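Chemist: This one is query.csv, CSV, C-alpha atoms.
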```
chain,number,residue,atom,x,y,z
A,1,ALA,CA,7.6,0.6,-8.0
A,2,ASP,CA,6.7,-2.7,-9.7
A,3,PHE,CA,3.0,-2.1,-9.2
A,4,PRO,CA,1.8,-4.7,-11.8
A,5,SER,CA,3.3,-7.5,-9.7
A,6,TYR,CA,1.4,-6.5,-6.5
A,7,PRO,CA,-1.3,-9.2,-7.0
A,8,GLN,CA,1.5,-11.8,-7.0
A,9,TRP,CA,2.6,-10.9,-3.5
A,10,VAL,CA,-0.1,-8.8,-1.8
A,11,GLN,CA,-2.7,-11.1,-0.3
A,12,GLY,CA,-6.2,-10.0,-1.5
A,13,MET,CA,-4.9,-7.7,-4.2
A,14,LYS,CA,-7.1,-8.5,-7.2
A,15,ALA,CA,-5.9,-5.9,-9.8
A,16,VAL,CA,-3.5,-3.0,-10.0
A,17,GLU,CA,-3.4,-0.4,-12.8
A,18,VAL,CA,-0.9,2.5,-13.2
A,19,VAL,CA,-3.2,5.4,-14.2
A,20,GLU,CA,-0.8,8.3,-14.4
A,21,GLU,CA,3.0,8.4,-15.2
A,22,ASP,CA,5.4,11.3,-16.0
A,23,ASN,CA,8.5,10.3,-17.9
A,24,GLY,CA,8.3,6.7,-16.5
A,25,VAL,CA,7.7,7.8,-12.9
A,26,VAL,CA,4.5,6.5,-11.5
A,27,GLU,CA,2.3,9.2,-10.1
A,28,GLN,CA,-1.1,7.5,-9.5
A,29,VAL,CA,-2.2,3.8,-9.2
A,30,HIS,CA,-5.6,2.2,-9.0
A,31,PHE,CA,-6.1,-0.8,-6.7
A,32,ASP,CA,-8.8,-3.4,-6.3
A,33,LEU,CA,-8.5,-5.1,-2.9
A,34,GLU,CA,-10.5,-8.0,-1.4
A,35,ALA,CA,-8.9,-8.8,2.0
A,36,THR,CA,-11.7,-9.6,4.5
A,37,PRO,CA,-13.1,-7.4,6.0
A,38,ILE,CA,-11.8,-4.9,3.5
A,39,LYS,CA,-13.2,-4.8,-0.1
A,40,ASP,CA,-12.3,-1.6,-1.9
A,41,SER,CA,-11.4,0.0,-5.1
A,42,TYR,CA,-9.1,3.0,-4.6
A,43,THR,CA,-6.5,5.3,-6.2
A,44,LEU,CA,-3.3,6.4,-4.5
A,45,ALA,CA,-1.0,9.3,-5.6
A,46,TYR,CA,2.8,8.7,-5.1
A,47,ASP,CA,5.6,11.1,-4.3
A,48,TRP,CA,9.1,9.7,-5.0
A,49,HIS,CA,12.1,11.1,-3.0
A,50,GLY,CA,15.1,9.8,-5.0
A,51,GLU,CA,15.8,6.2,-4.4
A,52,THR,CA,15.5,6.4,-0.6
A,53,SER,CA,11.8,6.9,0.0
A,54,VAL,CA,8.3,7.0,-1.4
A,55,SER,CA,5.2,8.4,0.1
A,56,TRP,CA,1.5,8.2,-0.9
A,57,HIS,CA,-1.9,9.4,-0.1
A,58,LEU,CA,-5.5,8.5,-1.1
A,59,VAL,CA,-6.9,10.3,-4.1
A,60,GLN,CA,-10.2,8.3,-4.2
A,61,GLY,CA,-11.7,5.3,-2.5
A,62,LYS,CA,-15.0,3.7,-1.8
A,63,MET,CA,-14.5,2.3,1.7
A,64,LEU,CA,-11.3,4.1,2.5
A,65,LYS,CA,-11.7,7.7,3.7
A,66,ALA,CA,-8.0,8.4,4.1
A,67,MET,CA,-4.7,6.6,3.6
A,68,GLU,CA,-1.2,8.1,4.0
A,69,GLY,CA,1.9,6.0,4.0
A,70,SER,CA,5.6,5.7,3.1
A,71,TYR,CA,8.5,3.4,2.7
A,72,THR,CA,11.9,4.7,3.7
A,73,LEU,CA,15.1,2.7,2.9
A,74,ALA,CA,18.3,3.1,4.8
A,75,PRO,CA,21.5,1.1,4.4
A,76,VAL,CA,22.6,-1.0,7.4
A,77,ARG,CA,25.5,-3.3,7.8
A,78,SER,CA,23.5,-6.4,7.0
A,79,GLY,CA,21.6,-4.9,4.0
A,80,THR,CA,18.7,-2.4,3.9
A,81,GLU,CA,16.4,-1.4,6.6
A,82,VAL,CA,12.8,-0.6,5.5
A,83,THR,CA,10.6,1.6,7.6
A,84,TYR,CA,7.0,1.4,6.7
A,85,ARG,CA,4.4,4.0,7.9
A,86,LEU,CA,0.7,3.8,7.3
A,87,ALA,CA,-2.3,5.7,8.5
A,88,VAL,CA,-5.8,4.5,7.4
A,89,ASP,CA,-9.3,5.8,8.0
A,90,ILE,CA,-12.4,3.9,6.8
A,91,SER,CA,-15.5,5.8,5.8
A,92,ILE,CA,-18.2,3.3,6.8
A,93,PRO,CA,-19.4,3.4,10.3
A,94,MET,CA,-18.2,0.5,12.4
A,95,ILE,CA,-17.4,-0.2,16.0
A,96,GLY,CA,-13.9,0.5,17.1
A,97,LEU,CA,-12.9,-3.2,17.4
A,98,LEU,CA,-13.9,-3.9,13.8
A,99,LYS,CA,-12.3,-0.7,12.5
A,100,ARG,CA,-9.0,-1.6,14.2
A,101,LYS,CA,-9.2,-5.1,12.7
A,102,ALA,CA,-9.7,-3.7,9.2
A,103,GLU,CA,-6.8,-1.3,9.6
A,104,LYS,CA,-4.6,-4.2,10.9
A,105,VAL,CA,-5.6,-6.4,7.9
A,106,ILE,CA,-4.4,-3.6,5.6
A,107,ILE,CA,-1.1,-3.1,7.4
A,108,ASP,CA,-0.3,-6.8,8.0
A,109,THR,CA,-1.1,-7.7,4.4
A,110,ALA,CA,1.3,-5.1,3.1
A,111,LEU,CA,4.1,-6.0,5.5
A,112,LYS,CA,3.9,-9.8,5.4
A,113,GLY,CA,3.7,-9.8,1.6
A,114,LEU,CA,6.6,-7.4,1.3
A,115,LYS,CA,8.8,-9.3,3.7
A,116,LYS,CA,8.1,-12.6,1.9
A,117,ARG,CA,8.7,-11.0,-1.5
A,118,VAL,CA,12.1,-9.5,-0.5
A,119,GLU,CA,13.3,-12.6,1.3
A,120,SER,CA,12.5,-14.8,-1.7
A,121,ARG,CA,14.8,-12.8,-4.1
```
Give the structure from the file, written as structure tokens.

Modeler:
Amino acid sequence: ADFPSYPQWVQGMKAVEVVEEDNGVVEQVHFDLEATPIKDSYTLAYDWHGETSVSWHLVQGKMLKAMEGSYTLAPVRSGTEVTYRLAVDISIPMIGLLKRKAEKVIIDTALKGLKKRVESR
């Protein structure tokens, strides 16, 4: 939920702005991403489920047509297991190979950055 720090650990994330909150709970966030081949400005809406999971969906994007995802946390003996789910659809026409590469960049960027951030703490 520490959205302002995203540019510090998400590769290609240029700017992040919380645009809607309710009693300190973030409901919508605007992102500016430049991670080749993806360059987009988009807004996500968040649904918080206690302290065990959060899900989101695309409200508005330029290049992105759809994005739905979630993080789910579960205690395990050695700490916490994080399950990450993400589905992305891009609005510009591109051949399947390039589209899969763009989707992979989005997923890899999020996972590698999160793993590095968590392990550095």

Chemist: Could you jot down the atom CA of Glu17 of chain A to atom CA of Asp2 of chain A separation for me, Å, one decimal place?

Modeler: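 So the two atoms, atom CA of Glu17 of chain A and atom CA of Asp2 of chain A, lie 10.8 Å apart.
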
Chemist: Got a sec: who's within 12 Å of Leu111 of chain A, counting all atoms listed in the file, leaving out chain neighbours fewer than 2 positions off, as a list in words?

Modeler: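 The residues satisfying every condition are Trp9, Val10, Gln11, Tyr71, Val82, Thr83, Tyr84, Arg85, Leu86, Lys104, Val105, Ile106, Ile107, Asp108, Thr109, Gly113, Leu114, Lys115, Lys116, Arg117 and Val118 of chain A.
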
Chemist: Give the answer as one residue: which of A:Gln60, A:Pro7, A:Gly50, A:Lys14 has the shortest atom-to-atom distance to Gln28 of chain A, using only C-alpha atoms?

Modeler: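 Closest to Gln28 of chain A, using only C-alpha atoms: A:Gln60.
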
Chemist: Quote the spacing between atom CA of Val18 of chain A and atom CA of Glu119 of chain A in Å to one decimal place.

Modeler: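 Taking atom CA of Val18 of chain A and atom CA of Glu119 of chain A, their separation equals 25.3 Å.
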
Chemist: Give the answer as one residue: which of A:Pro75, A:Ala102, A:Gly12, A:Glu68 has the shortest atom-to-atom distance to Ala87 of chain A, using all atoms listed in the file?

Modeler: A:Glu68

Chemist: Under the rule that all atoms listed in the file are counted, which of A:Phe31, A:Lys112, A:Asp22, A:His49 is the nearest residue to Phe3 of chain A?

Modeler: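 Closest candidate: A:Phe31.
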
Chemist: Skip Trp48 of chain A itself and residues of its chain fewer than 5 positions away, then list as a ChimeraX atom specification all residues within 10 Å of it, counting all atoms listed in the file.

Modeler: /A:1,25-27,53-56,70-71

Chemist: Which is closer to Met67 of chain A than all the others in A:Glu34, A:Leu44, A:Thr52, A:Glu81, using all atoms listed in the file?

Modeler: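 Using all atoms listed in the file, the shortest distance to Met67 of chain A belongs to A:Leu44.
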
Chemist: Find the residues near Asp32 of chain A: any atom within 10 Å, counting all atoms listed in the file, skip ones fewer than 3 places away on the same chain, and give them as a list in words.

Modeler: Pro7, Gly12, Met13, Lys14, Ala15, Val16, Glu17, Ala35, Lys39, Asp40, Ser41, Tyr42, Thr43 and Gly61 of chain A

Chemist: Since we have the selection now, will you write its residues out, keeping C-alpha atoms, as a compact mmCIF listing (two decimals), keeping the file's coordinate frame?

Modeler:
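Saved as out_5.txt:
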```
# COMPACT_ATOMS: atom_id res chain seq x y z
CA PRO A 7 -1.30 -9.20 -7.00
CA GLY A 12 -6.20 -10.00 -1.50
CA MET A 13 -4.90 -7.70 -4.20
CA LYS A 14 -7.10 -8.50 -7.20
CA ALA A 15 -5.90 -5.90 -9.80
CA VAL A 16 -3.50 -3.00 -10.00
CA GLU A 17 -3.40 -0.40 -12.80
CA ALA A 35 -8.90 -8.80 2.00
CA LYS A 39 -13.20 -4.80 -0.10
CA ASP A 40 -12.30 -1.60 -1.90
CA SER A 41 -11.40 0.00 -5.10
CA TYR A 42 -9.10 3.00 -4.60
CA THR A 43 -6.50 5.30 -6.20
CA GLY A 61 -11.70 5.30 -2.50
```

Chemist: So how far away is atom CA of Asp47 of chain A from atom CA of Gly69 of chain A, in Å?

Modeler: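 Going from atom CA of Gly69 of chain A over to atom CA of Asp47 of chain A, I get 10.4 Å.
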
Chemist: Using only C-alpha atoms, determine which residues lie at most 8 Å from segment 89-91 of chain A, disregarding the query and same-chain residues fewer than 3 positions distant; provide the list as a count of residues only.

Modeler: 8

Chemist: Mind completing segment 72-83 of chain A with all heavy atoms? Output as a compact mmCIF listing (two decimals), keeping the file's coordinate frame, please?

Modeler:
```
# COMPACT_ATOMS: atom_id res chain seq x y z
N THR A 72 10.64 4.02 3.65
CA THR A 72 11.90 4.70 3.70
C THR A 72 13.01 3.62 3.78
O THR A 72 12.92 2.72 4.61
CB THR A 72 12.04 5.65 4.88
OG1 THR A 72 10.96 6.59 4.80
CG2 THR A 72 13.36 6.41 4.87
N LEU A 73 14.00 3.71 2.91
CA LEU A 73 15.10 2.70 2.90
C LEU A 73 16.35 3.37 3.45
O LEU A 73 16.68 4.52 3.15
CB LEU A 73 15.37 2.31 1.43
CG LEU A 73 14.18 1.82 0.63
CD1 LEU A 73 14.59 1.51 -0.81
CD2 LEU A 73 13.55 0.62 1.28
N ALA A 74 17.07 2.59 4.26
CA ALA A 74 18.30 3.10 4.80
C ALA A 74 19.32 1.91 4.85
O ALA A 74 18.98 0.80 5.25
CB ALA A 74 18.11 3.57 6.27
N PRO A 75 20.54 2.17 4.39
CA PRO A 75 21.50 1.10 4.40
C PRO A 75 21.94 0.77 5.85
O PRO A 75 22.06 1.65 6.69
CB PRO A 75 22.73 1.70 3.64
CG PRO A 75 22.54 3.17 3.69
CD PRO A 75 21.07 3.43 3.85
N VAL A 76 22.07 -0.52 6.11
CA VAL A 76 22.60 -1.00 7.40
C VAL A 76 23.64 -2.06 7.04
O VAL A 76 23.73 -2.52 5.90
CB VAL A 76 21.48 -1.62 8.28
CG1 VAL A 76 20.51 -0.54 8.74
CG2 VAL A 76 20.73 -2.72 7.58
N ARG A 77 24.42 -2.42 8.02
CA ARG A 77 25.50 -3.30 7.80
C ARG A 77 25.09 -4.64 7.10
O ARG A 77 25.77 -5.17 6.24
CB ARG A 77 26.27 -3.63 9.07
CG ARG A 77 27.55 -4.38 8.83
CD ARG A 77 28.45 -4.54 10.00
NE ARG A 77 27.87 -4.27 11.30
CZ ARG A 77 28.58 -4.10 12.38
NH1 ARG A 77 29.88 -4.19 12.33
NH2 ARG A 77 27.99 -3.87 13.53
N SER A 78 23.92 -5.15 7.49
CA SER A 78 23.50 -6.40 7.00
C SER A 78 22.60 -6.31 5.71
O SER A 78 22.06 -7.29 5.24
CB SER A 78 22.71 -7.19 8.05
OG SER A 78 21.58 -6.43 8.44
N GLY A 79 22.43 -5.10 5.17
CA GLY A 79 21.60 -4.90 4.00
C GLY A 79 20.89 -3.60 3.96
O GLY A 79 21.51 -2.55 4.02
N THR A 80 19.56 -3.65 3.93
CA THR A 80 18.70 -2.40 3.90
C THR A 80 17.64 -2.54 4.91
O THR A 80 16.93 -3.53 4.98
CB THR A 80 18.13 -2.25 2.48
OG1 THR A 80 19.17 -2.22 1.51
CG2 THR A 80 17.33 -0.97 2.40
N GLU A 81 17.48 -1.47 5.68
CA GLU A 81 16.40 -1.40 6.60
C GLU A 81 15.23 -0.66 5.96
O GLU A 81 15.42 0.39 5.35
CB GLU A 81 16.82 -0.63 7.88
CG GLU A 81 15.70 -0.45 8.90
CD GLU A 81 16.16 0.34 10.09
OE1 GLU A 81 16.24 1.59 9.98
OE2 GLU A 81 16.46 -0.28 11.12
N VAL A 82 14.03 -1.24 6.05
CA VAL A 82 12.80 -0.60 5.50
C VAL A 82 11.93 -0.18 6.60
O VAL A 82 11.56 -0.98 7.46
CB VAL A 82 12.08 -1.63 4.57
CG1 VAL A 82 10.82 -0.99 4.00
CG2 VAL A 82 12.98 -2.15 3.45
N THR A 83 11.59 1.10 6.59
CA THR A 83 10.60 1.60 7.60
C THR A 83 9.33 1.88 6.82
O THR A 83 9.31 2.56 5.79
CB THR A 83 11.14 2.93 8.19
OG1 THR A 83 12.39 2.68 8.82
CG2 THR A 83 10.15 3.48 9.21
```
